[in-house]
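Inspection log for the structure reproduced underneath, given as structure tokens.
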Amino acid sequence: MDTERAAPDAVAAPAAAAPAGGKRATIYDVARLAGVSHQTVSRYLKGYEGIRPATRERVEQALKALDYRMNMTARSLATRKSNRVAALVHDIVQVGPSKTAQGASSGAHDAGYVLDFISLDFRDRAAIDEALELVNRQDLAGVIAMSTTDEMAAAFAATEFRMPAFIVPEDEDDDDLRSNDPQTVHGHGMKLTVDHLVALGHRRFFYIAGPSGWSSARNRAAAYHFALEHHGIASLGEAEGDWSPASGYAAAHRAAVHTDATALLVANDQMALGAMLALEEHGRRVPEDVSVVGFDDIPEARFFRPPLTTVRQDFDLQGHIAFGRLLQLIDGPGAYTEPPNVPDLIVRRSTAPAPR
């Protein structure tokens, strides 16, 4: 039975008074400010569901007003529950994996957990298996595994984790490619891009894809073709890069500049940078002759010459969502409410009406 003190439901928590001497707020400070017992605050922090909504709101207001941070050492001792989470990452030099990992770390911190990064070489399966065996020996609350390549997906699928584990997915289904779904990041992003270029009068498209061993690259390519089909347009061709500017440059030299495409879509911004240089070297102006669109909106994209039109996806939010889904596995479905994750098309000077 909840032993909260009687307090009018409609009364909000009073203005916060910081604990004397600059000390961290305790649950007793929170209870005093919220007008409830310290047992009620403790139950709230443990996720107890049987607290009246009005009382829950007062506790939440007091926690926020006092900038309360749970003493995780005390929590671990009291509950014998680890507050450490491992994030299994790879190719962290790439913008997407790096920023997603940072977002997961921020989400873990907000929830009172410590996130340890373990970098894996997706080219060395034996080293991956050894690292996963060591991870399974650790006292961890959970594991986030970034599964963006076929090698990593296979390694994680073959591992039986001792603790809750969330495998960050790249949804693929041969019968019903979810990347075609306008509600997914890839599907929505490519739809925005193709719709934008078609509205500018473009009908001749070429695509530079990411490496085929990455599920995100396959999903973006599938979304590109699906978006074109929606407008009754067939792609003039496709080349493959490895996410780097050099590979975008080489792919454009090898294929894109030899077509009469007026619209070049590229699977990420770094490859778009290399592709634009190749187009310039072949005397094709951006955007007068060819409009170019990237994907990701890296910080440098607005400083390209010309500034790059691109799909902005919120990697930080994706990392928060990844940790939130793990938190649901650790603490139950009510532990996290997932926000919407919808990309935007950022229109800059690398796109223009199709040449006549």
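For the structure tokens, the naming scheme is as follows: chains receive sequential letters (A, B, ...) according to their order of presentation, residues are indexed from 1 within each chain, and ligands are indexed from 1 in presentation order.
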Hey, which bits of region 280-302 of chain A sit within 12 Å of region 240-243 of chain A, and for each residue what's the closest pair of atoms and how far apart in Å (one decimal), counting only C-alpha atoms, rows by chain and increasing number, as a Markdown table?
| residue | atom | partner | partner_atom | distance |
| --- | --- | --- | --- | --- |
| A:Gly294 | CA | A:Trp243 | CA | 11.2 |
| A:Phe295 | CA | A:Trp243 | CA | 10.8 |
| A:Asp296 | CA | A:Trp243 | CA | 11.4 |
C-alpha atoms of the current selection, written as a PDB file, in the first residue's frame:
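Listing of selection-v1.pdb after writing:
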ATOM      1  CA  GLY A 294      23.729  13.034 -50.298  1.00  0.00           C
ATOM      2  CA  PHE A 295      22.479  11.273 -47.182  1.00  0.00           C
ATOM      3  CA  ASP A 296      23.228  11.899 -43.446  1.00  0.00           C
TER       4      ASP A 296
END
Using only C-alpha atoms, determine which residues lie at most 12 Å from Ala217 (chain A), disregarding the query and same-chain residues fewer than 2 positions distant; provide the list as a PDB file with N, CA and C atoms, in the first residue's frame.
ATOM      1  N   THR A 148      25.476  -3.550 -38.219  1.00  0.00           N
ATOM      2  CA  THR A 148      25.261  -2.887 -39.505  1.00  0.00           C
ATOM      3  C   THR A 148      25.917  -3.607 -40.677  1.00  0.00           C
ATOM      4  N   THR A 149      26.763  -4.602 -40.403  1.00  0.00           N
ATOM      5  CA  THR A 149      27.368  -5.374 -41.491  1.00  0.00           C
ATOM      6  C   THR A 149      26.952  -6.834 -41.355  1.00  0.00           C
ATOM      7  N   ASP A 150      27.050  -7.573 -42.448  1.00  0.00           N
ATOM      8  CA  ASP A 150      26.669  -8.983 -42.434  1.00  0.00           C
ATOM      9  C   ASP A 150      27.534  -9.776 -41.461  1.00  0.00           C
ATOM     10  N   GLU A 170      18.970  -3.552 -38.712  1.00  0.00           N
ATOM     11  CA  GLU A 170      18.746  -2.954 -40.022  1.00  0.00           C
ATOM     12  C   GLU A 170      17.721  -3.862 -40.688  1.00  0.00           C
ATOM     13  N   ASP A 171      16.458  -3.465 -40.645  1.00  0.00           N
ATOM     14  CA  ASP A 171      15.380  -4.351 -41.078  1.00  0.00           C
ATOM     15  C   ASP A 171      15.456  -4.654 -42.562  1.00  0.00           C
ATOM     16  N   GLU A 172      15.517  -5.936 -42.878  1.00  0.00           N
ATOM     17  CA  GLU A 172      15.479  -6.382 -44.262  1.00  0.00           C
ATOM     18  C   GLU A 172      14.546  -7.584 -44.357  1.00  0.00           C
ATOM     19  N   SER A 179      12.595  -1.132 -45.970  1.00  0.00           N
ATOM     20  CA  SER A 179      13.212   0.116 -46.389  1.00  0.00           C
ATOM     21  C   SER A 179      12.312   0.866 -47.361  1.00  0.00           C
ATOM     22  N   HIS A 186      15.326   5.144 -44.070  1.00  0.00           N
ATOM     23  CA  HIS A 186      15.771   5.022 -45.456  1.00  0.00           C
ATOM     24  C   HIS A 186      14.626   5.307 -46.423  1.00  0.00           C
ATOM     25  N   TYR A 207      22.751   6.419 -59.345  1.00  0.00           N
ATOM     26  CA  TYR A 207      22.909   6.215 -57.901  1.00  0.00           C
ATOM     27  C   TYR A 207      24.294   5.657 -57.577  1.00  0.00           C
ATOM     28  N   ILE A 208      24.937   6.223 -56.553  1.00  0.00           N
ATOM     29  CA  ILE A 208      26.178   5.658 -56.002  1.00  0.00           C
ATOM     30  C   ILE A 208      25.839   5.078 -54.637  1.00  0.00           C
ATOM     31  N   ALA A 209      25.936   3.755 -54.529  1.00  0.00           N
ATOM     32  CA  ALA A 209      25.526   3.030 -53.321  1.00  0.00           C
ATOM     33  C   ALA A 209      26.700   2.846 -52.367  1.00  0.00           C
ATOM     34  N   GLY A 210      26.380   2.498 -51.125  1.00  0.00           N
ATOM     35  CA  GLY A 210      27.390   2.106 -50.159  1.00  0.00           C
ATOM     36  C   GLY A 210      27.783   0.657 -50.369  1.00  0.00           C
ATOM     37  N   PRO A 211      28.720   0.140 -49.556  1.00  0.00           N
ATOM     38  CA  PRO A 211      29.214  -1.231 -49.737  1.00  0.00           C
ATOM     39  C   PRO A 211      28.111  -2.256 -49.505  1.00  0.00           C
ATOM     40  N   SER A 212      28.036  -3.245 -50.385  1.00  0.00           N
ATOM     41  CA  SER A 212      26.928  -4.204 -50.358  1.00  0.00           C
ATOM     42  C   SER A 212      26.915  -5.073 -49.110  1.00  0.00           C
ATOM     43  N   GLY A 213      28.028  -5.151 -48.394  1.00  0.00           N
ATOM     44  CA  GLY A 213      28.067  -5.928 -47.160  1.00  0.00           C
ATOM     45  C   GLY A 213      27.408  -5.230 -45.986  1.00  0.00           C
ATOM     46  N   TRP A 214      26.996  -3.990 -46.177  1.00  0.00           N
ATOM     47  CA  TRP A 214      26.303  -3.239 -45.127  1.00  0.00           C
ATOM     48  C   TRP A 214      24.803  -3.275 -45.414  1.00  0.00           C
ATOM     49  N   SER A 215      24.027  -3.687 -44.443  1.00  0.00           N
ATOM     50  CA  SER A 215      22.581  -3.747 -44.648  1.00  0.00           C
ATOM     51  C   SER A 215      21.992  -2.359 -44.865  1.00  0.00           C
ATOM     52  N   ASN A 219      19.586  -1.313 -47.919  1.00  0.00           N
ATOM     53  CA  ASN A 219      18.280  -0.713 -47.665  1.00  0.00           C
ATOM     54  C   ASN A 219      18.124   0.622 -48.378  1.00  0.00           C
ATOM     55  N   ARG A 220      19.173   1.421 -48.392  1.00  0.00           N
ATOM     56  CA  ARG A 220      19.087   2.716 -49.070  1.00  0.00           C
ATOM     57  C   ARG A 220      18.945   2.520 -50.579  1.00  0.00           C
ATOM     58  N   ALA A 221      19.676   1.549 -51.120  1.00  0.00           N
ATOM     59  CA  ALA A 221      19.570   1.277 -52.558  1.00  0.00           C
ATOM     60  C   ALA A 221      18.163   0.807 -52.913  1.00  0.00           C
ATOM     61  N   ALA A 222      17.608  -0.084 -52.088  1.00  0.00           N
ATOM     62  CA  ALA A 222      16.250  -0.572 -52.345  1.00  0.00           C
ATOM     63  C   ALA A 222      15.243   0.567 -52.258  1.00  0.00           C
ATOM     64  N   ALA A 223      15.425   1.462 -51.275  1.00  0.00           N
ATOM     65  CA  ALA A 223      14.515   2.594 -51.120  1.00  0.00           C
ATOM     66  C   ALA A 223      14.625   3.544 -52.308  1.00  0.00           C
ATOM     67  N   TYR A 224      15.832   3.722 -52.843  1.00  0.00           N
ATOM     68  CA  TYR A 224      16.044   4.570 -54.025  1.00  0.00           C
ATOM     69  C   TYR A 224      15.251   4.041 -55.216  1.00  0.00           C
ATOM     70  N   ALA A 239      26.519   2.533 -59.192  1.00  0.00           N
ATOM     71  CA  ALA A 239      27.903   2.169 -58.894  1.00  0.00           C
ATOM     72  C   ALA A 239      28.024   1.995 -57.381  1.00  0.00           C
ATOM     73  N   GLU A 240      29.082   1.343 -56.924  1.00  0.00           N
ATOM     74  CA  GLU A 240      29.237   1.053 -55.497  1.00  0.00           C
ATOM     75  C   GLU A 240      30.515   1.673 -54.954  1.00  0.00           C
ATOM     76  N   GLY A 241      30.392   2.289 -53.782  1.00  0.00           N
ATOM     77  CA  GLY A 241      31.543   2.817 -53.067  1.00  0.00           C
ATOM     78  C   GLY A 241      31.675   2.170 -51.708  1.00  0.00           C
ATOM     79  N   ASP A 242      32.579   2.707 -50.873  1.00  0.00           N
ATOM     80  CA  ASP A 242      32.793   2.118 -49.534  1.00  0.00           C
ATOM     81  C   ASP A 242      32.553   3.142 -48.426  1.00  0.00           C
ATOM     82  N   TRP A 243      31.778   4.156 -48.703  1.00  0.00           N
ATOM     83  CA  TRP A 243      31.422   5.275 -47.825  1.00  0.00           C
ATOM     84  C   TRP A 243      32.448   6.411 -47.867  1.00  0.00           C
ATOM     85  N   VAL A 266      23.499   9.911 -53.895  1.00  0.00           N
ATOM     86  CA  VAL A 266      24.660   9.243 -53.307  1.00  0.00           C
ATOM     87  C   VAL A 266      24.290   8.785 -51.896  1.00  0.00           C
ATOM     88  N   ALA A 267      24.737   7.577 -51.520  1.00  0.00           N
ATOM     89  CA  ALA A 267      24.283   6.942 -50.283  1.00  0.00           C
ATOM     90  C   ALA A 267      24.801   7.607 -49.015  1.00  0.00           C
ATOM     91  N   ASN A 268      25.847   8.431 -49.119  1.00  0.00           N
ATOM     92  CA  ASN A 268      26.241   9.243 -47.961  1.00  0.00           C
ATOM     93  C   ASN A 268      26.963  10.496 -48.432  1.00  0.00           C
ATOM     94  N   PHE A 295      23.299  11.876 -48.238  1.00  0.00           N
ATOM     95  CA  PHE A 295      22.479  11.273 -47.182  1.00  0.00           C
ATOM     96  C   PHE A 295      23.288  11.340 -45.887  1.00  0.00           C
TER      97      PHE A 295
END
Quiz item: Which is closer to Glu281 (chain A) than all the others in A:Val257, A:Leu265, A:Leu33, A:Ala141, using only C-alpha atoms?
Solution: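 Ranked by minimum distance to Glu281 (chain A), first place goes to A:Val257.
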Which residues are close to Leu140 (chain A), i.e. within 10 Å by only C-alpha atoms, leaving aside same-chain residues fewer than 4 positions away? Reply as a compact mmCIF listing (two decimals) with N, CA and C atoms, in the first residue's frame.
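The resulting file, result.txt, is shown below:
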# COMPACT_ATOMS: atom_id res chain seq x y z
N LYS A 81 22.41 -4.97 -8.57
CA LYS A 81 22.19 -4.84 -10.01
C LYS A 81 23.27 -3.94 -10.59
N SER A 82 23.96 -4.43 -11.60
CA SER A 82 25.01 -3.64 -12.22
C SER A 82 24.42 -2.43 -12.92
N ASN A 83 25.17 -1.34 -12.94
CA ASN A 83 24.75 -0.15 -13.68
C ASN A 83 25.63 0.04 -14.92
N ARG A 84 26.36 -0.99 -15.32
CA ARG A 84 27.23 -0.91 -16.49
C ARG A 84 26.58 -1.61 -17.68
N VAL A 85 26.68 -0.96 -18.82
CA VAL A 85 26.18 -1.50 -20.08
C VAL A 85 27.32 -1.46 -21.09
N ALA A 86 27.42 -2.49 -21.91
CA ALA A 86 28.45 -2.53 -22.95
C ALA A 86 27.82 -2.22 -24.30
N VAL A 114 26.27 3.51 -16.87
CA VAL A 114 27.58 3.79 -17.46
C VAL A 114 27.74 2.91 -18.69
N LEU A 115 28.08 3.52 -19.84
CA LEU A 115 28.20 2.77 -21.09
C LEU A 115 29.67 2.59 -21.43
N ASP A 116 30.09 1.33 -21.55
CA ASP A 116 31.46 1.00 -21.95
C ASP A 116 31.46 0.62 -23.43
N VAL A 135 32.92 -10.53 -23.10
CA VAL A 135 31.77 -9.71 -22.71
C VAL A 135 30.80 -10.53 -21.86
N ASN A 136 30.58 -11.78 -22.23
CA ASN A 136 29.63 -12.63 -21.51
C ASN A 136 30.10 -12.99 -20.11
N ARG A 162 24.39 -13.66 -21.93
CA ARG A 162 23.95 -13.99 -20.57
C ARG A 162 23.05 -12.90 -19.99
N MET A 163 23.12 -11.73 -20.56
CA MET A 163 22.39 -10.58 -20.03
C MET A 163 21.46 -10.04 -21.13
N PRO A 164 20.52 -9.16 -20.78
CA PRO A 164 19.67 -8.58 -21.83
C PRO A 164 20.53 -7.94 -22.92
Practice problem: Would you mind writing down, as a PyMOL selection string, each residue of region 48-277 of chain A that DSSP on the backbone assigns to helix (DSSP H, G or I)? | Solution: chain A and resi 53-65+72-79+95-110+125-135+150-157+178-180+185-199+215-230+245-254+256-258+269-277
Quiz item: Excluding same-chain residues fewer than 4 positions from Leu326 (chain A), what lies within 10 Å of it counting only C-alpha atoms, as a ChimeraX atom specification?
Solution: /A:85,108,141-144,164-168,320-322,330-333,335-336
Would you output that residue set with C-alpha atoms, as a PDB file, in the first residue's frame?
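Result file selection_3.pdb:
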ATOM      1  CA  VAL A  85      26.178  -1.503 -20.082  1.00  0.00           C
ATOM      2  CA  ALA A 108      22.649   5.651 -20.750  1.00  0.00           C
ATOM      3  CA  ALA A 141      23.164  -4.889 -16.890  1.00  0.00           C
ATOM      4  CA  GLY A 142      22.887  -5.295 -20.654  1.00  0.00           C
ATOM      5  CA  VAL A 143      24.496  -5.086 -24.081  1.00  0.00           C
ATOM      6  CA  ILE A 144      23.832  -2.937 -27.149  1.00  0.00           C
ATOM      7  CA  PRO A 164      19.674  -8.578 -21.830  1.00  0.00           C
ATOM      8  CA  ALA A 165      20.960  -7.666 -25.291  1.00  0.00           C
ATOM      9  CA  PHE A 166      19.494  -5.340 -27.895  1.00  0.00           C
ATOM     10  CA  ILE A 167      20.823  -5.929 -31.390  1.00  0.00           C
ATOM     11  CA  VAL A 168      20.445  -2.619 -33.242  1.00  0.00           C
ATOM     12  CA  HIS A 320      19.017   7.227 -27.503  1.00  0.00           C
ATOM     13  CA  ILE A 321      16.369   4.947 -28.995  1.00  0.00           C
ATOM     14  CA  ALA A 322      18.808   2.015 -29.069  1.00  0.00           C
ATOM     15  CA  ILE A 330      16.301  -4.556 -18.486  1.00  0.00           C
ATOM     16  CA  ASP A 331      13.547  -2.768 -16.559  1.00  0.00           C
ATOM     17  CA  GLY A 332      10.373  -3.636 -18.448  1.00  0.00           C
ATOM     18  CA  PRO A 333       8.215  -2.104 -21.227  1.00  0.00           C
ATOM     19  CA  ALA A 335      10.913   2.026 -18.737  1.00  0.00           C
ATOM     20  CA  TYR A 336      11.106   4.009 -21.973  1.00  0.00           C
TER      21      TYR A 336
END
Practice problem: Work out how far CA of Thr184 (chain A) is from CA of Asp344 (chain A), in Å to one decimal. | Solution: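 The value is 12.0 Å.
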Practice problem: Excluding Leu192 (chain A) and residues on its chain fewer than 2 positions from it, collect all residues at most 12 Å away from it, counting only C-alpha atoms, and give them as a PyMOL selection string. | Solution: chain A and resi 182-190+194-199+223-224+227-228+265+293-295+309-312+342-347
Quiz item: Which residues come within 8 Å of Leu120 (chain A), counting only C-alpha atoms, excluding same-chain residues fewer than 5 positions away, as a ChimeraX atom specification?
Solution: /A:88-91,127-128,131
Quiz item: So how far away is CA of Gln318 (chain A) from CA of Val292 (chain A), in Å?
Solution: 25.7 Å
Quiz prompt | strand (DSSP E or B) call set, DSSP backbone run, region 64-257 of chain A, as a PyMOL selection string | solution = chain A and resi 84-89+114-119+142-146+149+165-168+205-209+214+238-240
Practice problem: Counting only C-alpha atoms, figure out which residue out of A:Ala272, A:Tyr68, A:Val286, A:Val95 gets nearest to Gly112 (chain A). | Solution: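 Using only C-alpha atoms, Gly112 (chain A) sits closest to A:Tyr68.
With CA of Ile51 (chain A) on one side and CA of His109 (chain A) on the other, the separation reads 25.2 Å.
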